[in-house]
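Everything below belongs to final_21.txt, which stores compact mmCIF, C-alpha atoms.
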```
# COMPACT_ATOMS: atom_id res chain seq x y z
CA MET A 1 84.48 120.14 125.84
CA SER A 2 87.45 118.06 124.76
CA GLU A 3 90.76 119.90 124.89
CA SER A 4 93.08 120.52 121.97
CA PRO A 5 95.92 118.00 121.81
CA VAL A 6 98.52 120.76 121.77
CA GLN A 7 97.50 122.64 124.88
CA SER A 8 100.04 123.01 127.67
CA THR A 9 97.34 123.30 130.34
CA PRO A 10 97.00 120.37 132.77
CA SER A 11 94.96 117.69 131.09
CA LEU A 12 94.24 113.98 130.84
CA PHE A 13 93.79 111.55 127.99
CA GLY A 14 90.16 111.54 126.86
CA GLY A 15 89.82 107.79 127.37
CA MET A 16 89.82 108.41 131.11
CA ALA A 17 86.52 110.26 130.75
CA VAL A 18 85.15 107.33 128.74
CA ILE A 19 85.61 105.19 131.85
CA ILE A 20 83.46 107.65 133.82
CA TYR A 21 80.89 107.55 131.02
CA GLN A 22 80.69 103.76 131.09
CA THR A 23 80.55 103.65 134.89
CA LEU A 24 77.65 106.13 134.95
CA ASN A 25 75.75 103.93 132.51
CA SER A 26 76.38 100.90 134.73
CA TYR A 27 74.44 102.67 137.50
CA GLY A 28 71.55 103.28 135.12
CA VAL A 29 72.38 107.00 134.91
CA ASP A 30 72.05 108.79 131.57
CA ALA A 31 75.74 109.49 130.92
CA ASN A 32 74.93 111.50 127.79
CA ALA A 33 72.89 113.96 129.84
CA VAL A 34 75.63 114.35 132.45
CA PHE A 35 78.32 115.04 129.86
CA GLU A 36 76.08 117.48 127.96
CA ARG A 37 75.21 119.36 131.14
CA LEU A 38 78.93 119.83 131.84
CA GLU A 39 79.57 120.72 128.18
CA ILE A 40 81.98 117.82 127.70
CA ASP A 41 81.87 116.32 124.22
CA HIS A 42 81.96 112.55 124.68
CA THR A 43 81.73 111.63 120.99
CA ASN A 44 85.46 111.56 120.23
CA LEU A 45 87.10 110.89 123.58
CA ASN A 46 88.69 107.65 122.31
CA SER A 47 90.81 109.53 119.78
CA ALA A 48 94.57 109.33 120.36
CA TYR A 49 94.69 113.12 120.47
CA SER A 50 91.67 113.77 122.67
CA ARG A 51 92.34 115.57 125.94
CA ILE A 52 90.12 116.72 128.79
CA HIS A 53 91.14 119.55 131.11
CA THR A 54 91.81 118.39 134.66
CA SER A 55 89.24 120.80 136.11
CA HIS A 56 86.56 119.43 133.75
CA TYR A 57 87.46 115.88 134.72
CA TYR A 58 87.19 116.72 138.41
CA LYS A 59 83.77 118.33 137.88
CA LEU A 60 82.74 115.17 136.05
CA LEU A 61 83.72 113.03 139.03
CA VAL A 62 81.86 115.28 141.46
CA GLU A 63 78.75 115.20 139.26
CA ALA A 64 79.01 111.40 138.95
CA GLU A 65 79.02 111.04 142.74
CA LYS A 66 75.89 113.19 142.95
CA GLU A 67 74.05 111.44 140.12
CA THR A 68 74.76 107.97 141.51
CA ASN A 69 74.41 109.01 145.16
CA ASP A 70 77.68 107.12 145.70
CA PRO A 71 80.51 109.05 147.39
CA TYR A 72 82.78 106.11 146.58
CA PHE A 73 81.99 106.11 142.86
CA ILE A 74 85.72 106.15 142.03
CA PHE A 75 86.09 102.52 143.15
CA ARG A 76 83.43 101.35 140.67
CA THR A 77 85.31 102.94 137.77
CA ALA A 78 87.96 100.22 138.06
CA ASP A 79 85.42 97.70 136.75
CA HIS A 80 85.58 99.43 133.36
CA ILE A 81 89.34 99.52 132.82
CA GLN A 82 90.28 98.06 129.41
CA PRO A 83 93.60 98.33 127.55
CA THR A 84 91.94 99.70 124.41
CA LEU A 85 90.53 102.70 126.27
CA PHE A 86 94.08 104.05 126.56
CA HIS A 87 94.86 103.71 122.84
CA ALA A 88 98.46 102.66 122.01
CA MET A 89 99.54 103.40 125.58
CA GLY A 90 97.14 100.80 126.91
CA LEU A 91 98.26 98.17 124.42
CA ALA A 92 101.92 98.86 125.12
CA LEU A 93 101.41 98.73 128.89
CA PHE A 94 99.39 95.53 128.81
CA SER A 95 101.93 93.88 126.49
CA SER A 96 104.84 94.53 128.89
CA ARG A 97 106.91 91.50 129.81
CA SER A 98 106.77 92.13 133.57
CA ILE A 99 105.47 94.58 136.15
CA ARG A 100 108.93 96.17 136.14
CA LYS A 101 108.72 96.79 132.39
CA PHE A 102 105.15 98.09 132.83
CA LEU A 103 106.36 100.62 135.41
CA ILE A 104 109.35 101.71 133.33
CA ARG A 105 107.08 102.26 130.33
CA LEU A 106 104.53 104.09 132.49
CA GLU A 107 107.19 106.48 133.80
CA ARG A 108 108.62 107.13 130.36
CA TYR A 109 105.33 107.77 128.56
CA GLY A 110 103.11 108.95 131.43
CA ALA A 111 102.58 112.35 129.81
CA PHE A 112 100.53 110.57 127.14
CA LEU A 113 97.88 109.94 129.80
CA THR A 114 98.24 113.01 132.02
CA THR A 115 100.15 116.23 132.49
CA THR A 116 98.60 116.72 135.92
CA GLU A 117 100.70 114.13 137.74
CA ASP A 118 104.22 112.77 137.49
CA TRP A 119 104.60 109.00 137.76
CA VAL A 120 108.04 107.78 138.83
CA PHE A 121 109.16 104.19 139.31
CA ASP A 122 111.37 104.29 142.41
CA ASP A 123 113.27 101.07 141.83
CA LYS A 124 114.61 100.49 145.33
CA GLU A 125 115.76 97.01 146.26
CA PHE A 126 113.67 96.60 149.41
CA GLU A 127 110.67 98.85 148.74
CA PRO A 128 110.14 99.42 144.99
CA ALA A 129 107.26 101.79 144.40
CA LEU A 130 105.34 103.79 141.84
CA VAL A 131 105.39 107.33 143.21
CA ILE A 132 102.58 109.68 142.16
CA THR A 133 103.23 113.42 142.46
CA PRO A 134 100.76 116.16 141.49
CA ASN A 135 102.63 118.73 139.45
CA GLN A 136 100.11 121.30 138.20
CA ASP A 137 96.72 122.86 138.78
CA LYS A 138 96.95 122.97 142.57
CA ALA A 139 93.25 123.71 142.96
CA HIS A 140 92.53 120.16 141.83
CA GLN A 141 95.20 118.29 143.75
CA ILE A 142 92.63 116.59 145.91
CA SER A 143 92.44 113.07 147.16
CA VAL A 144 89.74 111.71 144.85
CA LEU A 145 91.93 112.22 141.76
CA LEU A 146 94.97 110.66 143.39
CA TYR A 147 92.99 107.84 144.95
CA GLY A 148 91.65 107.20 141.47
CA THR A 149 95.17 106.93 140.05
CA LEU A 150 96.14 104.38 142.71
CA ILE A 151 92.92 102.41 142.19
CA TRP A 152 93.32 102.29 138.41
CA PHE A 153 96.95 101.18 138.49
CA LYS A 154 96.14 98.38 140.89
CA LYS A 155 93.38 97.23 138.55
CA MET A 156 95.58 97.47 135.44
CA ILE A 157 98.30 95.36 137.04
CA SER A 158 95.73 92.85 138.28
CA LEU A 159 94.46 92.40 134.72
CA MET A 160 98.00 91.44 133.64
CA TYR A 161 99.31 89.62 136.70
CA GLY A 162 96.09 88.01 137.88
CA GLU A 163 93.29 89.04 140.21
CA HIS A 164 95.29 87.68 143.16
CA PHE A 165 97.79 90.53 142.80
CA LYS A 166 98.03 92.87 145.74
CA PRO A 167 100.57 95.60 146.53
CA ALA A 168 102.92 95.42 149.47
CA ALA A 169 101.46 98.71 150.73
CA VAL A 170 99.73 101.91 149.67
CA LYS A 171 101.13 105.18 151.02
CA ILE A 172 99.06 108.35 151.28
CA PRO A 173 100.09 111.79 152.59
CA GLY A 174 98.11 113.38 155.38
CA THR A 175 95.14 111.73 157.06
CA GLU A 176 91.75 110.50 155.89
CA SER A 177 88.80 111.79 157.90
CA ASP A 178 86.21 109.47 156.39
CA PRO A 179 86.25 106.07 158.15
CA MET A 180 84.27 104.49 155.32
CA MET A 181 86.85 105.66 152.76
CA ILE A 182 89.59 104.06 154.86
CA GLU A 183 87.57 100.84 154.96
CA LYS A 184 87.02 100.97 151.19
CA LEU A 185 90.74 101.51 150.54
CA GLN A 186 91.70 98.60 152.78
CA GLU A 187 89.11 96.32 151.19
CA TYR A 188 90.11 97.24 147.63
CA PHE A 189 93.90 97.06 147.97
CA ASP A 190 93.98 94.25 150.57
CA CYS A 191 97.29 95.51 151.96
CA PRO A 192 98.49 98.00 154.60
CA ILE A 193 97.29 101.57 153.94
CA ILE A 194 99.88 103.95 155.40
CA PHE A 195 98.72 107.52 156.01
CA GLY A 196 101.05 110.39 156.84
CA ALA A 197 103.52 109.42 154.11
CA GLU A 198 105.55 111.96 152.14
CA GLU A 199 104.03 110.93 148.80
CA TYR A 200 101.25 108.94 147.21
CA SER A 201 102.74 105.61 146.20
CA LEU A 202 101.94 102.04 145.30
CA VAL A 203 104.58 99.82 146.92
CA PHE A 204 105.41 96.44 145.39
CA ASN A 205 106.80 93.16 146.61
CA ALA A 206 110.20 92.91 144.91
CA GLU A 207 109.61 89.27 143.96
CA ASP A 208 106.56 90.24 141.88
CA LEU A 209 108.36 92.72 139.62
CA ASP A 210 110.05 90.28 137.22
CA VAL A 211 107.42 87.56 136.99
CA GLN A 212 106.69 86.80 133.31
CA LEU A 213 103.20 88.15 132.62
CA PRO A 214 100.73 86.03 130.60
CA THR A 215 99.77 89.13 128.58
CA ALA A 216 103.38 89.81 127.48
CA ASN A 217 103.93 90.46 123.77
CA ALA A 218 107.28 92.11 123.02
CA SER A 219 106.53 92.80 119.36
CA LEU A 220 103.16 94.42 120.09
CA ALA A 221 104.68 96.46 122.93
CA ARG A 222 107.45 97.86 120.73
CA GLN A 223 105.04 98.67 117.87
CA ASN A 224 102.85 100.64 120.23
CA ASP A 225 105.86 102.37 121.80
CA GLU A 226 106.52 103.86 118.38
CA VAL A 227 102.90 105.00 118.08
CA ILE A 228 103.04 106.58 121.54
CA LEU A 229 106.17 108.55 120.66
CA GLU A 230 104.51 109.85 117.51
CA VAL A 231 101.34 110.86 119.34
CA MET A 232 103.24 112.44 122.23
CA GLU A 233 105.30 114.51 119.85
CA ARG A 234 102.13 115.95 118.33
CA ILE A 235 100.58 116.51 121.77
CA ALA A 236 103.77 118.25 122.87
CA LYS A 237 103.79 120.83 120.05
CA ALA A 238 103.16 123.59 122.58
CA ASN A 239 105.70 122.17 125.03
CA THR A 240 109.13 122.78 123.58
CA ALA A 241 110.96 121.22 126.53
CA MET A 242 109.06 117.95 126.10
CA ARG A 243 109.69 117.99 122.35
CA VAL A 244 113.42 118.44 122.96
CA ARG A 245 113.43 115.54 125.41
CA LEU A 246 111.60 113.23 123.00
CA LYS A 247 113.90 114.19 120.15
CA LEU A 248 116.98 113.57 122.30
CA MET A 249 115.69 110.11 123.23
CA GLU A 250 115.48 109.39 119.51
CA LEU A 251 118.84 110.91 118.53
CA LEU A 252 121.18 109.99 121.41
CA PRO A 253 122.17 106.55 120.03
CA THR A 254 123.00 108.11 116.66
CA GLY A 255 125.56 110.49 118.14
CA GLU A 256 123.97 113.37 116.22
CA PHE A 257 122.15 115.29 118.93
CA CYS A 258 123.84 118.69 119.28
CA LYS A 259 121.71 121.78 119.88
CA ALA A 260 121.84 122.77 116.22
CA THR A 261 120.70 119.30 115.10
CA VAL A 262 117.81 119.21 117.58
CA ALA A 263 116.76 122.73 116.62
CA ARG A 264 116.76 121.79 112.93
CA GLU A 265 114.77 118.60 113.61
CA LEU A 266 112.17 120.67 115.47
CA CYS A 267 112.10 123.30 112.71
CA PHE A 268 113.57 126.04 114.92
CA SER A 269 116.65 128.21 114.61
CA VAL A 270 119.16 127.72 117.41
CA ARG A 271 118.29 131.15 118.78
CA THR A 272 114.54 130.41 118.73
CA LEU A 273 115.06 127.11 120.51
CA HIS A 274 117.21 128.84 123.14
CA ASN A 275 114.57 131.52 123.71
CA LYS A 276 111.67 129.07 123.91
CA LEU A 277 113.46 127.00 126.53
CA ALA A 278 114.45 130.12 128.47
CA GLU A 279 110.76 131.05 128.63
CA VAL A 280 110.14 127.94 130.73
CA ASP A 281 113.31 128.39 132.85
CA THR A 282 115.36 125.61 131.32
CA SER A 283 118.07 125.12 128.71
CA PHE A 284 119.12 122.58 126.12
CA GLN A 285 122.02 121.45 128.31
CA GLU A 286 119.78 120.95 131.35
CA ILE A 287 117.36 118.82 129.35
CA LEU A 288 120.22 116.85 127.79
CA ASP A 289 121.80 116.16 131.19
CA GLN A 290 118.47 115.22 132.77
CA THR A 291 117.52 112.90 129.92
CA ARG A 292 120.92 111.22 129.88
CA ARG A 293 120.97 110.79 133.64
CA GLU A 294 117.48 109.25 133.79
CA LEU A 295 118.23 106.87 130.93
CA ALA A 296 121.68 106.03 132.35
CA GLU A 297 120.22 105.01 135.70
CA GLN A 298 117.61 102.88 133.95
CA TYR A 299 120.11 101.18 131.60
CA LEU A 300 122.66 100.52 134.35
CA ARG A 301 120.02 98.56 136.26
CA GLN A 302 119.79 96.17 133.30
CA ASP A 303 122.65 93.69 133.51
CA ASN A 304 122.23 92.60 129.88
CA LEU A 305 123.79 95.94 128.84
CA SER A 306 127.51 96.51 129.28
CA VAL A 307 128.67 99.91 130.48
CA GLY A 308 130.04 100.40 126.98
CA ASP A 309 126.57 99.72 125.58
CA VAL A 310 125.12 102.33 127.94
CA ALA A 311 127.70 104.88 126.81
CA PHE A 312 126.75 104.17 123.19
CA LEU A 313 123.00 104.47 123.82
CA LEU A 314 123.51 107.82 125.53
CA GLY A 315 125.71 109.25 122.79
CA PHE A 316 129.00 109.30 124.71
CA SER A 317 132.12 108.75 122.64
CA ASP A 318 133.58 106.35 125.21
CA PHE A 319 133.17 104.91 128.67
CA SER A 320 135.39 107.54 130.36
CA ASN A 321 133.14 110.40 129.23
CA LEU A 322 130.08 108.60 130.56
CA SER A 323 131.90 107.89 133.82
CA ARG A 324 132.84 111.53 134.37
CA ALA A 325 129.32 112.74 133.64
CA PHE A 326 127.64 110.07 135.75
CA LYS A 327 129.89 110.76 138.73
CA LYS A 328 129.02 114.46 138.46
CA TRP A 329 125.31 113.60 138.46
CA THR A 330 125.23 111.00 141.21
CA GLY A 331 128.55 110.99 143.05
CA LEU A 332 129.06 107.39 141.90
CA SER A 333 130.81 105.85 138.94
CA PRO A 334 128.62 103.77 136.59
CA THR A 335 130.28 100.62 137.93
CA GLU A 336 129.59 101.60 141.54
CA TYR A 337 125.96 102.47 140.74
CA ARG A 338 125.50 99.16 138.94
CA ALA A 339 127.00 97.23 141.87
CA GLN A 340 124.42 98.79 144.17
CA ASN A 341 121.49 98.23 141.81
CA ILE A 342 122.42 95.22 139.67
CA GLY A 343 119.39 93.18 140.71
CA ALA A 344 116.95 96.00 140.29
CA GLY A 345 116.76 96.17 136.53
CA LYS A 346 117.38 92.60 135.56
CA SER A 347 116.10 91.85 132.10
CA SER A 348 116.03 88.93 129.73
CA ASP A 349 115.43 91.13 126.71
CA GLY A 350 117.83 90.85 123.83
CA ASN A 351 120.61 93.41 123.65
CA SER A 352 119.91 96.23 121.20
CA LYS A 353 121.97 99.28 120.42
CA ASN A 354 119.53 100.66 117.92
CA ASN A 355 116.27 100.82 119.85
CA VAL A 356 116.30 103.01 122.92
CA ILE A 357 112.65 102.23 123.65
CA LYS A 358 113.10 98.47 123.91
CA ILE A 359 111.47 97.87 127.28
CA ALA A 360 108.89 95.20 126.47
```

Render the structure in this file as structure tokens.
Amino acid sequence: MSESPVQSTPSLFGGMAVIIYQTLNSYGVDANAVFERLEIDHTNLNSAYSRIHTSHYYKLLVEAEKETNDPYFIFRTADHIQPTLFHAMGLALFSSRSIRKFLIRLERYGAFLTTTEDWVFDDKEFEPALVITPNQDKAHQISVLLYGTLIWFKKMISLMYGEHFKPAAVKIPGTESDPMMIEKLQEYFDCPIIFGAEEYSLVFNAEDLDVQLPTANASLARQNDEVILEVMERIAKANTAMRVRLKLMELLPTGEFCKATVARELCFSVRTLHNKLAEVDTSFQEILDQTRRELAEQYLRQDNLSVGDVAFLLGFSDFSNLSRAFKKWTGLSPTEYRAQNIGAGKSSDGNSKNNVIKIA
């Protein structure tokens, strides 16, 4: 059955199961019967707060392969990708100004869609890539789920960029023993498939990242960013660390983000907040430093923001405090980091000190 939106167990957004439902129907299979047999309630999977446990989703995929007699069923699911199936996240993603903005948004709000994998945009100059790392529920870290993630992202980007889009490469750890699967992967992605890699990743041609997308809509993207943050905060009720991170992202530009303020905003005492974070082996300071560092690296790759602007957005009183912190994190000053990455985050967005989620 659908999972509670506040569970901390590994789960996926319910809309992902809707795609399986629609694909089953396209084969002429009674999707209702399949879902009922697995005790998965399909009636409300499009809700913003609907979740499905990763193990249930995997069982659904296995059953779909059996019912359709198609061991490569996962490839057919791409035919049913639609922005609306992913609620506000889908609309925000498909309204992004460029592939780069799509990937930044995907990394920032990925937990809306799954807590089973981490999605990181590795914005390297010569081999930018979306890196996909399983992070929970090791019993279900199998290739079909990760292949599915790669397949779906390629399809989503193709819907925005154009059907002629193809990655520079797809990287997959280990080896693939099924020759037909290798053939299917090569046919679908139409690019080199590199096995034996350290991580699953979708590698991009750098020149594709900043092409203006025909589906871009900055206003719609920002409106849905706000919806995503609201939904994620409710989903994260049982995940104090995530709630702290989201609250810090909201409060950093205001300068009012001390531990006491965050605790009050989350309706905790300072002691309770400390204890809840200790239970998951982290601390307020660790989350603050991690959030600031990740945002700093992202902002410094955008040459429309001055270093002073970055300091402001991250809640530093002046440039020197940002510089000391950043050098401690990376070994580089903000200026040195920017010099090495200045082309990577180029943006034509307007400068804004008041909206830390302006990535359309």

- Query: Which of these residues is nearest to Glu107 in chain A, using only C-alpha atoms: A:Tyr161, A:Phe121, A:Tyr337, A:Phe94?
  - Reply: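 Distance minimum relative to Glu107 in chain A lands on A:Phe121.
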
- Give me the residues within 10 Å of Ser219 in chain A as a list of chain:residue names, counting all atoms listed in the file and dropping any in the same chain fewer than 2 places off.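 Non-adjacent residues within range: A:Ala92, A:Ser95, A:Ser96, A:Ala216, A:Asn217, A:Ala221, A:Arg222, A:Gln223, A:Asn224, A:Asp225, A:Lys358, A:Ala360.
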
Around all of range 48-64 of chain A's listed atoms, make the axis-aligned box with 3 Å on each side and tell me centre and edge lengths in Å to one decimal, as AutoDock Vina command-line options.
```
--center_x 86.7 --center_y 115.1 --center_z 130.9 --size_x 21.9 --size_y 17.5 --size_z 27.1
```

- Message: Just checking: using all atoms listed in the file, which residue out of A:Arg292, A:Arg76, A:Lys154, A:Arg264 ends up closest to Phe312 in chain A?
- Response: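 Of all the options, A:Arg292 lies closest to Phe312 in chain A.
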
- Message: So, with only C-alpha atoms as the atoms that count, which of A:Ile99, A:Met249, A:Thr240, A:Val203 lies closest to Asn275 in chain A?
- Response: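 Among A:Ile99, A:Met249, A:Thr240, A:Val203, it is A:Thr240 that comes nearest to Asn275 in chain A.
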
Restore N, CA and C atoms in range 60-72 of chain A and list the result as a PDB file, in the frame of the given file.
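Once everything was written out, this is result.pdb:
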```pdb
ATOM      1  N   LEU A  60      83.440 116.369 136.502  1.00  0.00           N
ATOM      2  CA  LEU A  60      82.740 115.170 136.050  1.00  0.00           C
ATOM      3  C   LEU A  60      82.651 114.138 137.171  1.00  0.00           C
ATOM      4  N   LEU A  61      83.731 113.966 137.906  1.00  0.00           N
ATOM      5  CA  LEU A  61      83.720 113.030 139.030  1.00  0.00           C
ATOM      6  C   LEU A  61      82.745 113.475 140.116  1.00  0.00           C
ATOM      7  N   VAL A  62      82.767 114.753 140.440  1.00  0.00           N
ATOM      8  CA  VAL A  62      81.860 115.280 141.460  1.00  0.00           C
ATOM      9  C   VAL A  62      80.405 115.078 141.044  1.00  0.00           C
ATOM     10  N   GLU A  63      80.117 115.367 139.764  1.00  0.00           N
ATOM     11  CA  GLU A  63      78.750 115.200 139.260  1.00  0.00           C
ATOM     12  C   GLU A  63      78.350 113.719 139.266  1.00  0.00           C
ATOM     13  N   ALA A  64      79.300 112.843 138.955  1.00  0.00           N
ATOM     14  CA  ALA A  64      79.010 111.400 138.950  1.00  0.00           C
ATOM     15  C   ALA A  64      78.655 110.917 140.345  1.00  0.00           C
ATOM     16  N   GLU A  65      79.353 111.420 141.360  1.00  0.00           N
ATOM     17  CA  GLU A  65      79.020 111.040 142.740  1.00  0.00           C
ATOM     18  C   GLU A  65      77.611 111.489 143.105  1.00  0.00           C
ATOM     19  N   LYS A  66      77.234 112.679 142.663  1.00  0.00           N
ATOM     20  CA  LYS A  66      75.890 113.190 142.950  1.00  0.00           C
ATOM     21  C   LYS A  66      74.826 112.378 142.226  1.00  0.00           C
ATOM     22  N   GLU A  67      75.048 112.133 140.936  1.00  0.00           N
ATOM     23  CA  GLU A  67      74.050 111.440 140.120  1.00  0.00           C
ATOM     24  C   GLU A  67      73.831 110.002 140.594  1.00  0.00           C
ATOM     25  N   THR A  68      74.863 109.366 141.069  1.00  0.00           N
ATOM     26  CA  THR A  68      74.760 107.970 141.510  1.00  0.00           C
ATOM     27  C   THR A  68      74.480 107.848 143.005  1.00  0.00           C
ATOM     28  N   ASN A  69      74.558 109.006 143.700  1.00  0.00           N
ATOM     29  CA  ASN A  69      74.410 109.010 145.160  1.00  0.00           C
ATOM     30  C   ASN A  69      75.422 108.052 145.801  1.00  0.00           C
ATOM     31  N   ASP A  70      76.625 108.006 145.215  1.00  0.00           N
ATOM     32  CA  ASP A  70      77.680 107.120 145.700  1.00  0.00           C
ATOM     33  C   ASP A  70      78.958 107.915 145.898  1.00  0.00           C
ATOM     34  N   PRO A  71      79.280 108.280 147.145  1.00  0.00           N
ATOM     35  CA  PRO A  71      80.510 109.050 147.390  1.00  0.00           C
ATOM     36  C   PRO A  71      81.781 108.261 147.106  1.00  0.00           C
ATOM     37  N   TYR A  72      81.622 106.957 146.862  1.00  0.00           N
ATOM     38  CA  TYR A  72      82.780 106.110 146.580  1.00  0.00           C
ATOM     39  C   TYR A  72      82.732 105.597 145.132  1.00  0.00           C
TER      40      TYR A  72
END
```
